[in-house]
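Okay, target38.cif now, which holds mmCIF, C-alpha atoms:
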data_upload
#
loop_
_atom_site.label_atom_id
_atom_site.label_comp_id
_atom_site.auth_asym_id
_atom_site.auth_seq_id
_atom_site.Cartn_x
_atom_site.Cartn_y
_atom_site.Cartn_z
CA MET A 1 92.74 88.38 134.69
CA ILE A 2 96.40 89.19 134.15
CA TYR A 3 97.76 92.68 134.87
CA SER A 4 101.13 94.06 133.91
CA ARG A 5 103.58 94.93 136.67
CA GLU A 6 103.10 98.64 135.93
CA VAL A 7 99.36 98.38 136.55
CA GLU A 8 99.82 96.26 139.67
CA GLU A 9 102.04 98.96 141.17
CA MET A 10 99.49 101.76 140.56
CA CYS A 11 97.40 103.03 143.45
CA PRO A 12 93.58 102.83 142.95
CA VAL A 13 91.65 105.99 141.97
CA ALA A 14 87.84 106.04 142.09
CA GLN A 15 85.82 106.53 138.86
CA GLY A 16 83.69 109.27 140.36
CA VAL A 17 82.03 110.53 137.15
CA HIS A 18 81.02 107.12 135.79
CA HIS A 19 77.21 106.92 135.99
CA GLY A 20 76.55 104.04 133.61
CA ALA A 21 74.98 103.92 130.15
CA ALA A 22 73.07 106.94 128.91
CA PRO A 23 69.40 106.05 128.29
CA ILE A 24 68.16 105.78 124.71
CA PRO A 25 64.56 106.07 123.44
CA GLU A 26 62.93 102.69 122.84
CA GLU A 27 59.24 102.38 122.05
CA ALA A 28 58.37 105.56 124.03
CA LYS A 29 60.55 104.61 127.00
CA TRP A 30 64.02 105.72 128.04
CA ILE A 31 66.16 102.61 128.53
CA ALA A 32 69.73 102.36 129.81
CA VAL A 33 70.89 99.48 127.66
CA LYS A 34 73.34 97.17 129.42
CA GLU A 35 72.50 93.83 127.80
CA VAL A 36 71.20 92.66 124.43
CA LYS A 37 67.79 91.85 125.95
CA ASP A 38 67.36 95.55 126.77
CA ILE A 39 67.00 96.40 123.07
CA SER A 40 63.64 96.78 121.32
CA GLY A 41 62.61 98.64 118.19
CA PHE A 42 61.48 98.52 114.56
CA THR A 43 63.76 100.01 111.96
CA HIS A 44 64.97 99.95 108.34
CA GLY A 45 68.44 100.13 106.84
CA ILE A 46 70.23 99.97 103.50
CA GLY A 47 73.29 97.89 102.65
CA TRP A 48 75.47 97.48 99.57
CA CYS A 49 77.93 94.84 98.40
CA ALA A 50 81.67 95.35 98.00
CA PRO A 51 81.51 95.68 94.17
CA GLN A 52 78.53 98.03 94.72
CA GLN A 53 76.53 96.22 92.07
CA GLY A 54 73.56 95.46 94.31
CA ALA A 55 71.71 96.81 97.35
CA CYS A 56 69.54 95.51 100.17
CA LYS A 57 66.84 97.16 102.25
CA LEU A 58 66.47 95.32 105.54
CA SER A 59 63.63 95.87 108.02
CA LEU A 60 63.75 94.34 111.51
CA ASN A 61 61.28 94.25 114.37
CA VAL A 62 63.17 93.55 117.61
CA LYS A 63 61.50 92.78 120.93
CA GLU A 64 63.67 92.40 124.06
CA GLY A 65 66.74 91.74 121.99
CA ILE A 66 65.19 89.02 119.79
CA ILE A 67 64.42 89.59 116.10
CA GLN A 68 60.73 88.76 115.69
CA GLU A 69 60.29 89.91 112.08
CA ALA A 70 62.57 90.47 109.10
CA LEU A 71 61.81 91.91 105.68
CA VAL A 72 64.62 91.54 103.13
CA GLU A 73 64.35 93.44 99.83
CA THR A 74 67.15 93.30 97.25
CA ILE A 75 67.89 94.84 93.87
CA GLY A 76 70.59 94.73 91.21
CA CYS A 77 72.04 91.25 91.75
CA SER A 78 70.39 87.94 90.88
CA GLY A 79 72.33 85.96 93.47
CA MET A 80 71.28 88.42 96.15
CA THR A 81 67.67 87.22 95.95
CA HIS A 82 68.74 83.73 96.97
CA SER A 83 70.82 85.13 99.81
CA ALA A 84 67.76 87.09 100.92
CA ALA A 85 65.75 83.86 101.00
CA MET A 86 68.33 82.38 103.38
CA ALA A 87 68.41 85.55 105.49
CA SER A 88 64.63 85.47 105.95
CA GLU A 89 65.06 82.02 107.53
CA ILE A 90 68.17 82.86 109.52
CA LEU A 91 67.30 86.19 111.16
CA PRO A 92 64.03 85.62 113.10
CA GLY A 93 64.81 84.21 116.53
CA LEU A 94 68.35 85.57 116.72
CA THR A 95 69.49 88.33 119.04
CA VAL A 96 70.73 91.49 117.31
CA MET A 97 74.24 90.52 118.42
CA GLU A 98 73.98 87.06 116.90
CA ALA A 99 72.56 88.53 113.67
CA LEU A 100 75.47 90.96 113.46
CA ASN A 101 77.90 88.04 113.57
CA THR A 102 75.95 85.66 111.33
CA ASP A 103 77.10 85.03 107.78
CA LEU A 104 74.11 86.22 105.78
CA VAL A 105 75.97 85.16 102.61
CA CYS A 106 75.58 88.48 100.79
CA ASP A 107 77.76 91.54 101.46
CA ALA A 108 74.79 93.88 100.99
CA ILE A 109 72.62 92.06 103.54
CA ASN A 110 75.49 91.92 106.03
CA THR A 111 76.10 95.65 105.55
CA ALA A 112 72.40 96.39 106.04
CA MET A 113 72.46 94.36 109.27
CA ARG A 114 75.43 96.44 110.49
CA GLU A 115 73.60 99.70 109.72
CA LEU A 116 70.46 98.51 111.53
CA PHE A 117 72.48 97.43 114.55
CA LEU A 118 73.93 100.93 114.83
CA GLN A 119 70.47 102.51 114.56
CA ILE A 120 68.99 100.24 117.21
CA VAL A 121 71.75 100.43 119.82
CA TYR A 122 72.00 104.22 119.52
CA GLY A 123 68.25 104.75 119.91
CA ARG A 124 67.61 105.80 116.31
CA SER A 125 64.95 103.22 115.47
CA GLN A 126 61.76 104.14 113.58
CA SER A 127 59.70 103.22 116.66
CA ALA A 128 61.83 105.10 119.21
CA PHE A 129 58.87 107.24 120.29
CA SER A 130 56.01 104.84 119.46
CA GLU A 131 54.35 103.50 122.60
CA ASP A 132 54.84 99.71 122.79
CA GLY A 133 56.55 99.86 119.39
CA LEU A 134 55.09 98.35 116.24
CA PRO A 135 53.30 94.99 116.10
CA VAL A 136 54.95 92.01 114.47
CA GLY A 137 53.72 92.19 110.89
CA ALA A 138 54.39 95.91 110.50
CA GLY A 139 57.10 95.13 107.95
CA LEU A 140 54.47 93.99 105.47
CA GLU A 141 52.96 97.50 105.43
CA ASP A 142 55.94 98.62 103.33
CA LEU A 143 54.82 96.23 100.61
CA GLY A 144 51.17 97.24 100.32
CA LYS A 145 48.22 94.99 99.48
CA GLY A 146 49.98 92.97 96.81
CA LEU A 147 52.99 92.23 99.04
CA ARG A 148 55.41 93.41 96.34
CA SER A 149 58.40 95.68 96.82
CA GLN A 150 58.16 99.16 95.35
CA VAL A 151 60.74 99.33 92.60
CA GLY A 152 61.65 102.13 90.22
CA THR A 153 63.61 101.30 87.06
CA MET A 154 64.57 104.12 84.70
CA TYR A 155 67.06 104.23 81.85
CA GLY A 156 68.37 107.10 79.74
CA THR A 157 70.97 107.97 77.14
CA LEU A 158 72.16 111.32 75.84
CA LYS A 159 71.35 110.30 72.27
CA LYS A 160 67.88 108.82 72.79
CA GLY A 161 66.68 110.27 76.09
CA PRO A 162 64.86 108.66 79.05
CA ARG A 163 62.87 105.45 79.29
CA TYR A 164 60.53 104.72 82.20
CA LEU A 165 60.52 100.94 82.71
CA GLU A 166 59.02 100.31 86.15
CA MET A 167 57.17 102.66 88.47
CA ALA A 168 55.70 102.14 91.94
CA GLU A 169 52.35 101.51 90.22
CA GLY A 170 53.79 98.71 88.10
CA TYR A 171 55.39 97.62 84.83
CA VAL A 172 55.41 100.51 82.34
CA THR A 173 53.90 99.50 78.99
CA GLY A 174 53.82 102.88 77.27
CA ILE A 175 55.32 106.37 77.55
CA ALA A 176 53.12 109.27 76.46
CA LEU A 177 54.91 111.98 74.45
CA ASP A 178 53.83 115.48 73.39
CA GLU A 179 54.63 117.28 70.12
CA ASP A 180 58.15 118.05 71.41
CA ASN A 181 58.75 114.37 72.27
CA GLN A 182 58.73 115.18 75.98
CA ILE A 183 57.21 112.69 78.44
CA ILE A 184 53.81 113.81 79.75
CA GLY A 185 52.58 110.53 81.22
CA TYR A 186 52.80 106.76 81.13
CA GLN A 187 50.70 103.63 80.97
CA PHE A 188 51.33 100.66 83.22
CA VAL A 189 50.06 97.28 84.33
CA SER A 190 50.21 96.15 87.96
CA LEU A 191 51.67 92.66 87.72
CA GLY A 192 50.70 91.93 91.31
CA LYS A 193 47.06 92.76 90.67
CA MET A 194 47.12 90.85 87.39
CA THR A 195 48.42 87.75 89.14
CA ASP A 196 45.73 88.06 91.82
CA PHE A 197 43.00 88.34 89.16
CA ILE A 198 44.29 85.20 87.44
CA LYS A 199 44.40 83.33 90.75
CA LYS A 200 40.75 84.26 91.27
CA GLY A 201 39.79 82.74 87.92
CA ASP A 202 40.16 85.48 85.29
CA ASP A 203 41.77 84.54 82.00
CA PRO A 204 45.13 86.29 81.33
CA THR A 205 43.71 88.76 78.79
CA THR A 206 40.91 89.88 81.13
CA ALA A 207 43.34 90.10 84.06
CA TRP A 208 45.73 92.20 81.94
CA GLU A 209 42.99 94.68 81.06
CA LYS A 210 41.74 94.95 84.64
CA ALA A 211 45.26 95.55 85.97
CA LYS A 212 46.07 98.38 83.52
CA GLY A 213 46.27 102.03 84.51
CA GLN A 214 47.81 105.34 83.50
CA TYR A 215 49.29 108.47 85.04
CA GLY A 216 49.70 111.99 83.73
CA ARG A 217 48.32 113.58 80.54
CA VAL A 218 48.14 110.38 78.54
CA ALA A 219 44.97 111.55 76.77
CA ASP A 220 46.88 114.56 75.38
CA ALA A 221 49.72 112.48 73.95
CA VAL A 222 50.74 112.90 70.30
CA LYS A 223 52.10 109.37 70.44
CA ILE A 224 52.71 106.57 72.91
CA ILE A 225 55.85 104.46 72.63
CA ASP A 226 56.87 101.10 74.09
CA PRO A 227 59.90 101.98 76.30
CA ARG A 228 61.42 98.54 75.76
CA LYS A 229 61.26 98.47 71.96
CA GLU A 230 61.10 102.02 70.60
#
Represent the supplied structure as structure tokens.
Amino acid sequence: MIYSREVEEMCPVAQGVHHGAAPIPEEAKWIAVKEVKDISGFTHGIGWCAPQQGACKLSLNVKEGIIQEALVETIGCSGMTHSAAMASEILPGLTVMEALNTDLVCDAINTAMRELFLQIVYGRSQSAFSEDGLPVGAGLEDLGKGLRSQVGTMYGTLKKGPRYLEMAEGYVTGIALDEDNQIIGYQFVSLGKMTDFIKKGDDPTTAWEKAKGQYGRVADAVKIIDPRKE
């Protein structure tokens, strides 16, 4: 350690009010974090790339400083999905400090990692007050039974109005309109369920019919349009 002459000539003064790190809530315990291994928690965060053309939702389950589980969900950029595939291999097993300084290829994923790091080290994790935290595997609960991300895709123009394309329930196949051409419901097919039916032996047509559903006052519609063609 090298000190300047000015510092060397100073007389020592005690740091009387320094009492160490303030404790943060971690899995229903108050922990004074001094090292990476002191950090535990499950949390989510959102990141975006520099051109702001895509976004990432990152979920991490950290136990004693080590990432045990990572869920990477991306939207808006085709290359981002491949970066997410790499991130899902890279992140588990790293400390939160290593993950913060790992090139996760994609700006959005790196930004999400930064946001999660801030949440975790400041005691703002989703499991801050959950006794023993959340089990490894909790990240899959965000995806539901079909293990598919919930995505909403809507499009609209001033001239032609709105188009519902994808809802949480699935791929929108029809928009129900009333006599004033206002949306009163929609029809959809759950592509995840359809795929599962086919894997179990159903032919595609049967699987399509079994995976269909609707929401709203579809029965009262004056007409139903295909949002992708009409």
Which residues, written as a VMD selection string, have at least one atom at most 9 Å from A:Ser88, with all atoms listed in the file counted and residues fewer than 6 positions away on the same chain left out?
-> chain A and resid 69 to 72
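A straight line drawn from atom CA of A:Ile66 to atom CA of A:Asp142 is 21.2 Å long.
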Can you translate the PyMOL selection byres ((chain A and resi 107) around 10) into the concrete residues it hits in this file, as a CSV table (one decimal) with C-alpha atoms, keeping the file's coordinate frame?
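This is the output file out-v1.csv:
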chain,number,residue,atom,x,y,z
A,47,GLY,CA,73.3,97.9,102.6
A,48,TRP,CA,75.5,97.5,99.6
A,49,CYS,CA,77.9,94.8,98.4
A,50,ALA,CA,81.7,95.4,98.0
A,51,PRO,CA,81.5,95.7,94.2
A,52,GLN,CA,78.5,98.0,94.7
A,54,GLY,CA,73.6,95.5,94.3
A,55,ALA,CA,71.7,96.8,97.4
A,56,CYS,CA,69.5,95.5,100.2
A,80,MET,CA,71.3,88.4,96.2
A,83,SER,CA,70.8,85.1,99.8
A,103,ASP,CA,77.1,85.0,107.8
A,104,LEU,CA,74.1,86.2,105.8
A,105,VAL,CA,76.0,85.2,102.6
A,106,CYS,CA,75.6,88.5,100.8
A,108,ALA,CA,74.8,93.9,101.0
A,109,ILE,CA,72.6,92.1,103.5
A,110,ASN,CA,75.5,91.9,106.0
A,111,THR,CA,76.1,95.6,105.6
A,112,ALA,CA,72.4,96.4,106.0
A,113,MET,CA,72.5,94.4,109.3
If you count all atoms listed in the file, which residues fall within 12 Å of A:Ala138, apart from same-chain ones fewer than 6 positions away, as a list in words?
->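 Those residues are Gly41, Phe42, Thr43, His44, Ser59, Leu60, Asn61, Val62, Gln68, Glu69, Ala70, Leu71, Gln126, Ser127 and Gly144 of chain A.
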For A:Ala21, find every residue with an atom within 9 Å (counting all atoms listed in the file), except residues of its own chain fewer than 2 positions away, and show them as a CSV table (one decimal) with C-alpha atoms, keeping the file's coordinate frame.
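Final file, result_0.csv:
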chain,number,residue,atom,x,y,z
A,18,HIS,CA,81.0,107.1,135.8
A,19,HIS,CA,77.2,106.9,136.0
A,23,PRO,CA,69.4,106.0,128.3
A,24,ILE,CA,68.2,105.8,124.7
A,32,ALA,CA,69.7,102.4,129.8
A,33,VAL,CA,70.9,99.5,127.7
A,34,LYS,CA,73.3,97.2,129.4
d(atom CA of A:Thr74, atom CA of A:Thr157) in Å |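 Between these atoms lies a distance of 25.2 Å.
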I would like the residues chosen by the PyMOL selection byres ((chain A and resi 183-190) around 6) on the shown file; could you give them as a list in words?
-> Gly170, Tyr171, Val172, Thr173, Gly174, Ile175, Ala176, Leu177, Gln182, Leu191, Gly192, Lys193, Ala211, Lys212, Gly213, Gln214, Tyr215, Gly216, Arg217 and Val218 of chain A
Point out the residue among A:Gly201, A:Ser78, A:Met86, A:Glu26 with the least atom-to-atom distance to A:Tyr122, counting only C-alpha atoms.
->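 Between A:Gly201, A:Ser78, A:Met86, A:Glu26, the residue approaching A:Tyr122 most closely is A:Glu26.
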When you draw a straight line from atom CA of A:Ala128 to atom CA of A:Ala22, how long is it in Å?
->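 Distance reported for this atom pair: 15.0 Å.
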From A:Leu118, A:Ile224, A:Ile75, A:Ile31, residue lying nearest A:Lys57 [all atoms listed in the file] =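 With all atoms listed in the file as the atom set, the closest residue is A:Ile75.
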Using all atoms listed in the file: which of A:Pro204, A:Gly123, A:Pro227, A:Pro92 has the shortest distance to A:Met154 |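 For A:Met154, the nearest of the given residues is A:Pro227.
When all atoms listed in the file are used to measure the gap to A:Phe117, the shortest distance among A:Gly65, A:Gly20, A:Gly156, A:Gly79 belongs to A:Gly65.
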For A:Thr153, please output as a list in words all residues within 9 Å (counting only C-alpha atoms; exclusion window: fewer than 5 positions along the same chain).
->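 Once the nearby chain positions are removed, what remains is Arg163, Tyr164, Leu165, Glu166 and Met167 of chain A.
The residue set within 8 Å of A:Lys29, counting all atoms listed in the file and dropping same-chain residues fewer than 4 places from it, reads A:Pro25, A:Ala128, A:Phe129, A:Glu131.
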Radius query 8 Å about (73.7, 104.3, 108.9), atoms used: only C-alpha atoms, as a VMD selection string | chain A and resid 45 to 46 115 to 116 118 to 119
Export, as a compact mmCIF listing (two decimals), in the frame of the given file, the selected residues with C-alpha atoms.
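Just written: out00.txt:
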# COMPACT_ATOMS: atom_id res chain seq x y z
CA GLY A 45 68.44 100.13 106.84
CA ILE A 46 70.23 99.97 103.50
CA GLU A 115 73.60 99.70 109.72
CA LEU A 116 70.46 98.51 111.53
CA LEU A 118 73.93 100.93 114.83
CA GLN A 119 70.47 102.51 114.56
So what does the PyMOL selection byres ((chain A and resi 37) around 8) actually pick up in this one, as an MDAnalysis selection string?
-> chainID A and resid 35:36 38:40 64:66 95
Minimum-distance residue to A:Lys160, chosen among A:Glu230, A:Leu94, A:Glu209, A:Val222 (using all atoms listed in the file) | A:Glu230
Report the centre and edge lengths, in Å to one decimal, of an axis-aligned box enclosing every atom of stretch 129-141 of chain A listed in the file, padded by 5 Å on each side, as lines of an AutoDock Vina configuration file.
center_x = 55.9
center_y = 99.6
center_z = 114.1
size_x = 15.9
size_y = 25.2
size_z = 27.4
